[in-house]
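work_18.cif follows; it contains mmCIF, C-alpha atoms (C1' of nucleotides).
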```
data_data
#
loop_
_atom_site.group_PDB
_atom_site.id
_atom_site.type_symbol
_atom_site.label_atom_id
_atom_site.label_comp_id
_atom_site.auth_asym_id
_atom_site.auth_seq_id
_atom_site.Cartn_x
_atom_site.Cartn_y
_atom_site.Cartn_z
ATOM 1 C CA MET J 1 19.009 -24.440 -17.974
ATOM 2 C CA THR J 2 15.944 -26.556 -17.255
ATOM 3 C CA ALA J 3 12.426 -25.266 -16.668
ATOM 4 C CA MET J 4 12.771 -26.345 -13.049
ATOM 5 C CA GLN J 5 15.912 -24.280 -12.589
ATOM 6 C CA LEU J 6 14.256 -21.292 -14.218
ATOM 7 C CA CYS J 7 11.229 -21.578 -11.933
ATOM 8 C CA LYS J 8 13.535 -21.651 -8.937
ATOM 9 C CA LEU J 9 15.312 -18.567 -10.253
ATOM 10 C CA PHE J 10 12.058 -16.690 -10.772
ATOM 11 C CA LYS J 11 10.846 -17.695 -7.320
ATOM 12 C CA ALA J 12 14.078 -16.326 -5.898
ATOM 13 C CA LEU J 13 13.395 -13.001 -7.622
ATOM 14 C CA SER J 14 9.768 -12.877 -6.506
ATOM 15 C CA ASP J 15 10.456 -11.607 -2.991
ATOM 16 C CA PRO J 16 10.883 -7.815 -2.645
ATOM 17 C CA THR J 17 13.854 -8.106 -0.311
ATOM 18 C CA ARG J 18 15.642 -10.539 -2.610
ATOM 19 C CA PHE J 19 14.852 -8.430 -5.654
ATOM 20 C CA GLY J 20 16.249 -5.452 -3.759
ATOM 21 C CA ILE J 21 19.428 -7.368 -2.995
ATOM 22 C CA MET J 22 19.878 -8.079 -6.698
ATOM 23 C CA GLN J 23 19.418 -4.413 -7.550
ATOM 24 C CA LEU J 24 21.867 -3.460 -4.827
ATOM 25 C CA LEU J 25 24.479 -5.826 -6.249
ATOM 26 C CA ILE J 26 24.307 -4.557 -9.831
ATOM 27 C CA GLY J 27 27.861 -3.880 -10.863
ATOM 28 C CA LYS J 28 29.492 -4.553 -7.513
ATOM 29 C CA GLU J 29 30.113 -7.118 -4.853
ATOM 30 C CA MET J 30 29.253 -6.482 -1.243
ATOM 31 C CA CYS J 31 29.706 -8.159 2.117
ATOM 32 C CA VAL J 32 26.690 -9.320 4.085
ATOM 33 C CA CYS J 33 26.933 -6.561 6.655
ATOM 34 C CA GLU J 34 26.626 -3.913 3.961
ATOM 35 C CA ILE J 35 23.581 -5.625 2.512
ATOM 36 C CA ILE J 36 21.999 -5.834 5.956
ATOM 37 C CA GLU J 37 22.357 -2.103 6.431
ATOM 38 C CA ALA J 38 20.757 -1.372 3.104
ATOM 39 C CA PHE J 39 17.550 -3.104 4.162
ATOM 40 C CA ASP J 40 17.121 -2.646 7.892
ATOM 41 C CA LYS J 41 16.200 -6.308 8.209
ATOM 42 C CA SER J 42 17.620 -8.721 10.740
ATOM 43 C CA GLN J 43 20.853 -10.538 9.975
ATOM 44 C CA PRO J 44 19.258 -14.023 9.866
ATOM 45 C CA VAL J 45 16.628 -12.812 7.422
ATOM 46 C CA ILE J 46 19.209 -11.398 5.015
ATOM 47 C CA SER J 47 21.313 -14.515 5.423
ATOM 48 C CA HIS J 48 18.327 -16.648 4.510
ATOM 49 C CA HIS J 49 17.503 -14.584 1.424
ATOM 50 C CA LEU J 50 21.112 -14.706 0.278
ATOM 51 C CA LYS J 51 20.972 -18.464 0.568
ATOM 52 C CA VAL J 52 17.861 -18.600 -1.600
ATOM 53 C CA LEU J 53 19.469 -16.378 -4.256
ATOM 54 C CA LYS J 54 22.647 -18.424 -4.136
ATOM 55 C CA SER J 55 20.833 -21.735 -4.440
ATOM 56 C CA ALA J 56 19.063 -20.329 -7.501
ATOM 57 C CA ASP J 57 22.558 -19.660 -8.895
ATOM 58 C CA LEU J 58 21.889 -15.936 -9.110
ATOM 59 C CA LEU J 59 24.639 -15.093 -6.648
ATOM 60 C CA SER J 60 28.081 -16.402 -5.916
ATOM 61 C CA GLU J 61 29.944 -15.938 -2.670
ATOM 62 C CA ALA J 62 33.630 -15.551 -1.868
ATOM 63 C CA ARG J 63 35.069 -15.453 1.600
ATOM 64 C CA GLU J 64 37.568 -12.673 2.281
ATOM 65 C CA GLY J 65 38.851 -13.320 5.758
ATOM 66 C CA LYS J 66 36.111 -12.536 8.215
ATOM 67 C CA TRP J 67 33.792 -11.322 5.483
ATOM 68 C CA ILE J 68 31.841 -13.076 2.772
ATOM 69 C CA MET J 69 31.396 -11.135 -0.432
ATOM 70 C CA TYR J 70 28.356 -11.727 -2.620
ATOM 71 C CA SER J 71 28.062 -10.871 -6.294
ATOM 72 C CA ILE J 72 25.725 -11.538 -9.197
ATOM 73 C CA ARG J 73 26.465 -14.406 -11.583
ATOM 74 C CA PRO J 74 26.048 -12.569 -14.885
ATOM 75 C CA GLN J 75 25.740 -15.605 -17.155
ATOM 76 C CA ILE J 76 22.772 -16.951 -15.220
ATOM 77 C CA ALA J 77 20.948 -13.633 -15.220
ATOM 78 C CA ALA J 78 21.642 -13.348 -18.949
ATOM 79 C CA GLU J 79 20.224 -16.796 -19.622
ATOM 80 C CA ALA J 80 17.032 -15.986 -17.755
ATOM 81 C CA ALA J 81 16.788 -12.712 -19.667
ATOM 82 C CA LYS J 82 16.960 -14.640 -22.925
ATOM 83 C CA VAL J 83 14.072 -16.849 -21.886
ATOM 84 C CA LEU J 84 11.913 -13.837 -21.105
ATOM 85 C CA GLN J 85 12.935 -12.354 -24.424
ATOM 86 C CA THR J 86 11.719 -15.534 -26.082
ATOM 87 C CA PHE J 87 8.309 -14.999 -24.516
ATOM 88 C CA ALA J 88 8.270 -11.518 -25.960
ATOM 89 C CA GLY J 89 9.886 -12.337 -29.219
ATOM 90 C CA THR J 90 7.571 -13.998 -31.666
ATOM 91 C CA ALA J 91 4.572 -12.568 -33.448
ATOM 92 C CA ILE J 92 1.256 -14.047 -32.463
ATOM 93 C CA VAL J 93 -0.337 -16.535 -34.814
ATOM 94 C CA ARG J 94 -4.063 -16.034 -34.745
ATOM 95 C CA VAL J 95 -6.153 -19.173 -35.277
ATOM 96 C CA ASP J 96 -9.904 -19.210 -35.653
ATOM 97 C CA PRO J 97 -10.845 -20.418 -32.181
ATOM 98 C CA ARG J 98 -14.130 -22.020 -33.175
ATOM 99 C CA LYS J 99 -12.539 -24.110 -35.863
ATOM 100 C CA GLY J 100 -9.637 -25.115 -33.665
ATOM 101 C CA CYS J 101 -11.685 -26.037 -30.647
ATOM 102 C CA ILE J 102 -14.645 -27.694 -32.256
ATOM 103 C CA GLU J 103 -12.825 -29.874 -34.706
ATOM 104 C CA SER J 104 -10.249 -31.559 -32.605
ATOM 105 C CA ARG J 105 -9.640 -30.285 -29.158
ATOM 106 C CA CYS J 106 -12.403 -29.190 -26.857
ATOM 107 C CA SER J 107 -15.590 -31.027 -27.455
ATOM 108 C CA ASP J 108 -14.203 -34.532 -27.321
ATOM 109 C CA ALA J 109 -11.667 -33.911 -24.584
ATOM 110 C CA LYS J 110 -11.615 -36.244 -21.647
ATOM 111 C CA ARG J 111 -11.963 -34.162 -18.511
ATOM 112 C CA GLN J 112 -11.133 -35.297 -14.997
ATOM 113 C CA MET V 1 7.429 -0.953 -14.055
ATOM 114 C CA THR V 2 7.836 -0.874 -10.286
ATOM 115 C CA ALA V 3 9.827 -3.361 -8.225
ATOM 116 C CA MET V 4 6.548 -4.599 -6.787
ATOM 117 C CA GLN V 5 5.130 -5.306 -10.227
ATOM 118 C CA LEU V 6 8.299 -7.097 -11.215
ATOM 119 C CA CYS V 7 8.192 -9.271 -8.093
ATOM 120 C CA LYS V 8 4.612 -10.185 -8.905
ATOM 121 C CA LEU V 9 5.656 -11.061 -12.437
ATOM 122 C CA PHE V 10 8.518 -13.260 -11.256
ATOM 123 C CA LYS V 11 6.269 -14.966 -8.735
ATOM 124 C CA ALA V 12 3.842 -15.692 -11.545
ATOM 125 C CA LEU V 13 6.650 -17.338 -13.502
ATOM 126 C CA SER V 14 7.902 -19.325 -10.518
ATOM 127 C CA ASP V 15 5.289 -22.070 -10.725
ATOM 128 C CA PRO V 16 6.077 -24.912 -13.174
ATOM 129 C CA THR V 17 2.551 -25.067 -14.553
ATOM 130 C CA ARG V 18 2.437 -21.342 -15.148
ATOM 131 C CA PHE V 19 5.901 -21.344 -16.692
ATOM 132 C CA GLY V 20 4.720 -24.173 -18.936
ATOM 133 C CA ILE V 21 1.691 -22.134 -19.971
ATOM 134 C CA MET V 22 3.984 -19.281 -20.986
ATOM 135 C CA GLN V 23 6.133 -21.634 -23.048
ATOM 136 C CA LEU V 24 3.038 -23.087 -24.646
ATOM 137 C CA LEU V 25 1.843 -19.639 -25.657
ATOM 138 C CA ILE V 26 5.070 -18.528 -27.327
ATOM 139 C CA GLY V 27 4.073 -17.192 -30.715
ATOM 140 C CA LYS V 28 0.397 -18.116 -30.542
ATOM 141 C CA GLU V 29 -2.818 -17.551 -28.710
ATOM 142 C CA MET V 30 -4.845 -20.444 -27.368
ATOM 143 C CA CYS V 31 -8.194 -21.018 -25.721
ATOM 144 C CA VAL V 32 -8.389 -22.372 -22.189
ATOM 145 C CA CYS V 33 -9.523 -25.804 -23.245
ATOM 146 C CA GLU V 34 -6.420 -26.267 -25.374
ATOM 147 C CA ILE V 35 -4.195 -25.211 -22.500
ATOM 148 C CA ILE V 36 -5.975 -27.626 -20.165
ATOM 149 C CA GLU V 37 -5.272 -30.521 -22.495
ATOM 150 C CA ALA V 38 -1.609 -29.651 -22.700
ATOM 151 C CA PHE V 39 -1.195 -30.126 -18.954
ATOM 152 C CA ASP V 40 -3.587 -32.767 -17.779
ATOM 153 C CA LYS V 41 -4.566 -30.610 -14.839
ATOM 154 C CA SER V 42 -8.101 -29.813 -13.747
ATOM 155 C CA GLN V 43 -9.954 -26.923 -15.365
ATOM 156 C CA PRO V 44 -10.194 -24.843 -12.152
ATOM 157 C CA VAL V 45 -6.452 -25.174 -11.587
ATOM 158 C CA ILE V 46 -5.602 -23.934 -15.068
ATOM 159 C CA SER V 47 -8.160 -21.166 -14.707
ATOM 160 C CA HIS V 48 -6.516 -20.072 -11.480
ATOM 161 C CA HIS V 49 -3.020 -20.089 -12.973
ATOM 162 C CA LEU V 50 -4.223 -18.095 -15.958
ATOM 163 C CA LYS V 51 -5.647 -15.543 -13.558
ATOM 164 C CA VAL V 52 -2.304 -15.242 -11.788
ATOM 165 C CA LEU V 53 -0.455 -14.755 -15.079
ATOM 166 C CA LYS V 54 -3.029 -12.238 -16.243
ATOM 167 C CA SER V 55 -2.918 -10.245 -13.021
ATOM 168 C CA ALA V 56 0.873 -10.085 -13.419
ATOM 169 C CA ASP V 57 0.191 -8.558 -16.867
ATOM 170 C CA LEU V 58 1.998 -11.403 -18.598
ATOM 171 C CA LEU V 59 -1.106 -12.535 -20.454
ATOM 172 C CA SER V 60 -4.047 -10.824 -22.064
ATOM 173 C CA GLU V 61 -7.385 -12.426 -22.754
ATOM 174 C CA ALA V 62 -9.933 -11.909 -25.500
ATOM 175 C CA ARG V 63 -13.326 -13.525 -25.603
ATOM 176 C CA GLU V 64 -14.298 -15.107 -28.903
ATOM 177 C CA GLY V 65 -17.867 -16.209 -28.453
ATOM 178 C CA LYS V 66 -17.896 -19.190 -26.162
ATOM 179 C CA TRP V 67 -14.125 -19.287 -25.940
ATOM 180 C CA ILE V 68 -11.580 -17.069 -24.249
ATOM 181 C CA MET V 69 -8.245 -16.761 -26.000
ATOM 182 C CA TYR V 70 -5.092 -16.110 -24.018
ATOM 183 C CA SER V 71 -1.866 -14.658 -25.399
ATOM 184 C CA ILE V 72 1.410 -13.268 -24.112
ATOM 185 C CA ARG V 73 1.815 -9.514 -23.693
ATOM 186 C CA PRO V 74 5.157 -9.066 -25.426
ATOM 187 C CA GLN V 75 6.011 -5.600 -24.086
ATOM 188 C CA ILE V 76 5.759 -6.775 -20.481
ATOM 189 C CA ALA V 77 7.920 -9.838 -21.066
ATOM 190 C CA ALA V 78 10.441 -7.618 -22.853
ATOM 191 C CA GLU V 79 10.551 -5.175 -19.955
ATOM 192 C CA ALA V 80 11.231 -7.965 -17.469
ATOM 193 C CA ALA V 81 13.917 -9.317 -19.784
ATOM 194 C CA LYS V 82 15.619 -5.930 -19.751
ATOM 195 C CA VAL V 83 15.694 -5.909 -15.963
ATOM 196 C CA LEU V 84 17.370 -9.312 -15.882
ATOM 197 C CA GLN V 85 19.788 -8.107 -18.504
ATOM 198 C CA THR V 86 20.633 -5.204 -16.213
ATOM 199 C CA PHE V 87 21.558 -7.685 -13.502
ATOM 200 C CA ALA V 88 23.848 -9.405 -15.948
ATOM 201 C CA GLY V 89 25.135 -6.339 -17.648
ATOM 202 C CA THR V 90 27.710 -4.460 -15.650
ATOM 203 C CA ALA V 91 31.231 -5.461 -14.762
ATOM 204 C CA ILE V 92 31.865 -6.102 -11.108
ATOM 205 C CA VAL V 93 33.672 -3.420 -9.145
ATOM 206 C CA ARG V 94 35.903 -5.086 -6.593
ATOM 207 C CA VAL V 95 36.391 -3.174 -3.350
ATOM 208 C CA ASP V 96 38.776 -4.200 -0.614
ATOM 209 C CA PRO V 97 36.280 -5.661 1.841
ATOM 210 C CA ARG V 98 38.328 -4.996 4.941
ATOM 211 C CA LYS V 99 38.749 -1.340 4.155
ATOM 212 C CA GLY V 100 35.132 -0.919 3.195
ATOM 213 C CA CYS V 101 33.694 -2.717 6.182
ATOM 214 C CA ILE V 102 35.982 -1.540 8.925
ATOM 215 C CA GLU V 103 36.025 2.106 8.054
ATOM 216 C CA SER V 104 32.410 2.931 7.750
ATOM 217 C CA ARG V 105 29.956 0.151 7.526
ATOM 218 C CA CYS V 106 30.178 -2.958 9.637
ATOM 219 C CA SER V 107 31.764 -2.324 12.945
ATOM 220 C CA ASP V 108 29.651 0.629 13.952
ATOM 221 C CA ALA V 109 26.424 -0.605 12.466
ATOM 222 C CA LYS V 110 23.339 -0.528 14.629
ATOM 223 C CA ARG V 111 21.893 -4.010 14.674
ATOM 224 C CA GLN V 112 18.372 -4.856 15.683
ATOM 225 C "C1'" DG X 1 43.112 -19.581 24.152
ATOM 226 C "C1'" DT X 2 39.584 -16.226 24.863
ATOM 227 C "C1'" DA X 3 36.926 -12.446 23.315
ATOM 228 C "C1'" DA X 4 34.852 -10.027 19.603
ATOM 229 C "C1'" DC X 5 33.160 -9.972 15.101
ATOM 230 C "C1'" DA X 6 30.728 -11.759 10.751
ATOM 231 C "C1'" DT X 7 27.706 -14.962 9.137
ATOM 232 C "C1'" DA X 8 24.928 -19.292 9.077
ATOM 233 C "C1'" DT X 9 21.586 -22.587 10.911
ATOM 234 C "C1'" DA X 10 17.575 -24.512 13.568
ATOM 235 C "C1'" DG X 11 12.964 -24.362 15.393
ATOM 236 C "C1'" DA X 12 8.486 -22.201 15.749
ATOM 237 C "C1'" DC X 13 4.640 -19.844 13.831
ATOM 238 C "C1'" DA X 14 1.617 -16.958 10.925
ATOM 239 C "C1'" DA X 15 0.752 -15.773 6.165
ATOM 240 C "C1'" DA X 16 0.574 -17.109 1.464
ATOM 241 C "C1'" DC X 17 0.208 -20.539 -2.075
ATOM 242 C "C1'" DT X 18 -1.430 -24.903 -4.731
ATOM 243 C "C1'" DT X 19 -4.791 -28.027 -5.454
ATOM 244 C "C1'" DA X 20 -9.325 -30.325 -5.176
ATOM 245 C "C1'" DA X 21 -14.311 -30.367 -5.070
ATOM 246 C "C1'" DA X 22 -18.386 -28.117 -5.749
ATOM 247 C "C1'" DT X 23 -20.865 -24.519 -7.741
ATOM 248 C "C1'" DA X 24 -21.697 -20.304 -10.453
ATOM 249 C "C1'" DT X 25 -21.471 -17.397 -14.722
ATOM 250 C "C1'" DG X 26 -21.698 -16.400 -19.474
ATOM 251 C "C1'" DT X 27 -22.373 -18.090 -24.381
ATOM 252 C "C1'" DT X 28 -24.369 -20.824 -28.011
ATOM 253 C "C1'" DT X 29 -27.575 -24.129 -29.920
ATOM 254 C "C1'" DA X 30 -31.891 -26.344 -30.369
ATOM 255 C "C1'" DT O 1 -36.279 -21.055 -22.730
ATOM 256 C "C1'" DA O 2 -33.712 -25.172 -21.682
ATOM 257 C "C1'" DA O 3 -29.698 -27.792 -22.391
ATOM 258 C "C1'" DA O 4 -24.900 -28.095 -23.355
ATOM 259 C "C1'" DC O 5 -20.532 -26.039 -23.416
ATOM 260 C "C1'" DA O 6 -16.465 -23.079 -21.843
ATOM 261 C "C1'" DT O 7 -14.648 -20.848 -18.142
ATOM 262 C "C1'" DA O 8 -14.579 -18.569 -13.513
ATOM 263 C "C1'" DT O 9 -15.278 -18.428 -8.507
ATOM 264 C "C1'" DT O 10 -15.690 -20.180 -3.787
ATOM 265 C "C1'" DT O 11 -14.398 -22.924 0.044
ATOM 266 C "C1'" DA O 12 -11.493 -25.876 2.329
ATOM 267 C "C1'" DA O 13 -7.646 -28.759 2.926
ATOM 268 C "C1'" DG O 14 -2.377 -29.430 2.907
ATOM 269 C "C1'" DT O 15 2.055 -27.391 1.885
ATOM 270 C "C1'" DT O 16 5.427 -23.831 1.396
ATOM 271 C "C1'" DT O 17 7.404 -19.413 2.603
ATOM 272 C "C1'" DG O 18 9.050 -15.304 5.395
ATOM 273 C "C1'" DT O 19 10.271 -13.788 9.744
ATOM 274 C "C1'" DC O 20 11.537 -14.161 14.616
ATOM 275 C "C1'" DT O 21 14.332 -15.913 18.423
ATOM 276 C "C1'" DA O 22 17.996 -18.405 19.857
ATOM 277 C "C1'" DT O 23 22.142 -20.658 18.952
ATOM 278 C "C1'" DA O 24 26.098 -22.351 16.273
ATOM 279 C "C1'" DT O 25 30.169 -21.836 13.178
ATOM 280 C "C1'" DG O 26 34.176 -19.727 11.372
ATOM 281 C "C1'" DT O 27 37.653 -15.873 11.454
ATOM 282 C "C1'" DT O 28 40.621 -12.393 13.530
ATOM 283 C "C1'" DA O 29 42.792 -9.788 17.338
ATOM 284 C "C1'" DC O 30 44.606 -9.668 21.830
#
```
In structure tokens, what does this structure look like?
Amino acid sequence: MTAMQLCKLFKALSDPTRFGIMQLLIGKEMCVCEIIEAFDKSQPVISHHLKVLKSADLLSEAREGKWIMYSIRPQIAAEAAKVLQTFAGTAIVRVDPRKGCIESRCSDAKRQ
Amino acid sequence: MTAMQLCKLFKALSDPTRFGIMQLLIGKEMCVCEIIEAFDKSQPVISHHLKVLKSADLLSEAREGKWIMYSIRPQIAAEAAKVLQTFAGTAIVRVDPRKGCIESRCSDAKRQ
DNA sequence: GTAACATATAGACAAACTTAAATATGTTTA
DNA sequence: TAAACATATTTAAGTTTGTCTATATGTTAC
């Protein structure tokens, strides 16, 4: 999973309605009409948000006759979780900032 | 952690520069000037992105004389990771969509 | 095949976001 | 205290995003 894909995934999760859809779909699949009712938003709005979540690979869809069922793609969510865990995971290495900056990085940096 | 806070956090991670800053800070703290050099972006832009990450509680800052050191807040990243893991975690319960929709949800729904 | 249902798409518009340029703030050194 | 350094803030583009309205597509029932 590239950084670009992860950014897209996080952007998909950054909208309250989309985040709510993900929470709603934990452990189950639902058709669009059920999701619409859970949010009291217009059908096109929910449809749009589902598209964003799907294009971030967070959701998969499966048509069942007249209905389209949406469900979470667990592997993708798990991968993103691992990345966040990486951010949390390692102990912080403390460097003397003065030494670090003065000697090699800040003072002779070319700014734009 | 509320849904609103989580959305803010995910939005913070949804920008490539900010995501890159998080990756850069894995396991270490750095001063702003070092971060600027890693990205070849202007100082005000990096300063702005740091502010966004900080206001999402993903980063903490500590002044060291002339410099300000930024580092990841591990508990927050871990909490967000757990939420994503929740999305991934549960097996999907399959319901017959026709039954579910026809009987109680879709056909008599009040649309807007 | 036509009507009804479930969902998606297109276009328009306001709000939010990213970046750039200029300037301000706070710290250290001389 | 003045100059230099490190970082933040403000203002103003240009771009993206979320929602609305209207319409289109695909499926089933009659």
The PyMOL selection byres ((chain X) within 9 of (chain V)) resolved against shown file, as a PDB file with C-alpha atoms (C1' of nucleotides), in the coordinates of the input:
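Saved as result-v4.pdb:
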```
ATOM      1  C1'  DC X   5      33.160  -9.972  15.101  1.00  0.00           C
ATOM      2  C1'  DA X   6      30.728 -11.759  10.751  1.00  0.00           C
ATOM      3  C1'  DT X  18      -1.430 -24.903  -4.731  1.00  0.00           C
ATOM      4  C1'  DT X  19      -4.791 -28.027  -5.454  1.00  0.00           C
ATOM      5  C1'  DA X  20      -9.325 -30.325  -5.176  1.00  0.00           C
ATOM      6  C1'  DG X  26     -21.698 -16.400 -19.474  1.00  0.00           C
ATOM      7  C1'  DT X  27     -22.373 -18.090 -24.381  1.00  0.00           C
ATOM      8  C1'  DT X  28     -24.369 -20.824 -28.011  1.00  0.00           C
TER       9       DT X  28
END
```
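With all atoms listed in the file as the atoms that count, the residue of O:DT17, O:DT1, O:DT27, O:DA8 with the shortest distance to chain V is O:DA8.
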Selection under test: the PyMOL selection byres ((chain O) within 12 of (chain J)); residues as a PyMOL selection string: chain O and resi 4-6+16-23+26-29
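Interatomic distance, atom CA of J:Glu34 against atom CA of V:Gln85: 23.9 Å.
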Hits of the PyMOL selection byres ((chain O and resi 9-14) around 8) in this structure, as a ChimeraX atom specification: /X:23-24 /O:8,15
Which residue of X:DA21, X:DA16, X:DA8, X:DA30 approaches O:DA24 most closely, using all atoms listed in the file: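 Going through X:DA21, X:DA16, X:DA8, X:DA30 one by one, the smallest distance to O:DA24 is for X:DA8.
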For chain J, the nearest of the candidates V:Ser55, V:Ser60, V:Ser47, V:Gln75, counting all atoms listed in the file: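 For chain J, the nearest of the candidates is V:Gln75.
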Point (24.5, -8.3, 4.2), cut-off 12 Å, counting all atoms listed in the file, residues as a ChimeraX atom specification: /J:17-18,20-22,24-25,29-51,61,67-71 /V:101,105-106,109,111 /X:6-7
Please enclose the listed atoms of stretch 7-25 of chain X in an axis-aligned box, pad each side by 6 Å, and write out the centre and the three edge lengths in Å, rounded to one decimal, as AutoDock Vina command-line options.
```
--center_x 3.0 --center_y -22.7 --center_z 0.5 --size_x 61.4 --size_y 27.4 --size_z 42.5
```
d(atom CA of J:Pro74, atom CA of J:Val52) in Å: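 Atom-to-atom, atom CA of J:Pro74 to atom CA of J:Val52, that is 16.7 Å.
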Atom CA of V:Lys54 to atom CA of V:Leu6, distance in Å rounded to a single decimal: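 These two atoms are separated by 13.4 Å.
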Within-6 Å shell of (23.1, -9.4, -13.1) in input frame, all atoms listed in the file, as a PyMOL selection string: (chain J and resi 26+72+74+77) or (chain V and resi 86-89)
Nearest to chain V, chosen from J:Leu59, J:Lys11, J:Gln5, J:Val83, with all atoms listed in the file counted in the distances: J:Lys11
For stretch 17-29 of chain V, where the input has fewer atoms than it should, I would like N, CA and C atoms rebuilt and written as a PDB file, in the coordinates of the input.
```pdb
ATOM      1  N   THR V  17       3.703 -25.054 -13.646  1.00  0.00           N
ATOM      2  CA  THR V  17       2.551 -25.067 -14.553  1.00  0.00           C
ATOM      3  C   THR V  17       2.421 -23.734 -15.268  1.00  0.00           C
ATOM      4  N   ARG V  18       2.568 -22.655 -14.521  1.00  0.00           N
ATOM      5  CA  ARG V  18       2.437 -21.342 -15.148  1.00  0.00           C
ATOM      6  C   ARG V  18       3.573 -21.079 -16.131  1.00  0.00           C
ATOM      7  N   PHE V  19       4.782 -21.490 -15.760  1.00  0.00           N
ATOM      8  CA  PHE V  19       5.901 -21.344 -16.692  1.00  0.00           C
ATOM      9  C   PHE V  19       5.630 -22.152 -17.958  1.00  0.00           C
ATOM     10  N   GLY V  20       5.077 -23.346 -17.780  1.00  0.00           N
ATOM     11  CA  GLY V  20       4.720 -24.173 -18.936  1.00  0.00           C
ATOM     12  C   GLY V  20       3.675 -23.513 -19.819  1.00  0.00           C
ATOM     13  N   ILE V  21       2.712 -22.848 -19.195  1.00  0.00           N
ATOM     14  CA  ILE V  21       1.691 -22.134 -19.971  1.00  0.00           C
ATOM     15  C   ILE V  21       2.349 -21.057 -20.822  1.00  0.00           C
ATOM     16  N   MET V  22       3.283 -20.332 -20.236  1.00  0.00           N
ATOM     17  CA  MET V  22       3.984 -19.281 -20.986  1.00  0.00           C
ATOM     18  C   MET V  22       4.734 -19.882 -22.177  1.00  0.00           C
ATOM     19  N   GLN V  23       5.410 -20.990 -21.945  1.00  0.00           N
ATOM     20  CA  GLN V  23       6.133 -21.634 -23.048  1.00  0.00           C
ATOM     21  C   GLN V  23       5.183 -22.086 -24.142  1.00  0.00           C
ATOM     22  N   LEU V  24       4.041 -22.610 -23.696  1.00  0.00           N
ATOM     23  CA  LEU V  24       3.038 -23.087 -24.646  1.00  0.00           C
ATOM     24  C   LEU V  24       2.519 -21.954 -25.525  1.00  0.00           C
ATOM     25  N   LEU V  25       2.464 -20.769 -24.950  1.00  0.00           N
ATOM     26  CA  LEU V  25       1.843 -19.639 -25.657  1.00  0.00           C
ATOM     27  C   LEU V  25       2.840 -18.822 -26.486  1.00  0.00           C
ATOM     28  N   ILE V  26       4.088 -19.254 -26.520  1.00  0.00           N
ATOM     29  CA  ILE V  26       5.070 -18.528 -27.327  1.00  0.00           C
ATOM     30  C   ILE V  26       4.613 -18.511 -28.787  1.00  0.00           C
ATOM     31  N   GLY V  27       4.404 -17.339 -29.305  1.00  0.00           N
ATOM     32  CA  GLY V  27       4.073 -17.192 -30.715  1.00  0.00           C
ATOM     33  C   GLY V  27       2.648 -17.503 -31.109  1.00  0.00           C
ATOM     34  N   LYS V  28       1.781 -17.846 -30.146  1.00  0.00           N
ATOM     35  CA  LYS V  28       0.397 -18.116 -30.542  1.00  0.00           C
ATOM     36  C   LYS V  28      -0.566 -17.815 -29.404  1.00  0.00           C
ATOM     37  N   GLU V  29      -1.816 -17.650 -29.760  1.00  0.00           N
ATOM     38  CA  GLU V  29      -2.818 -17.551 -28.710  1.00  0.00           C
ATOM     39  C   GLU V  29      -3.618 -18.852 -28.689  1.00  0.00           C
TER      40      GLU V  29
END
```
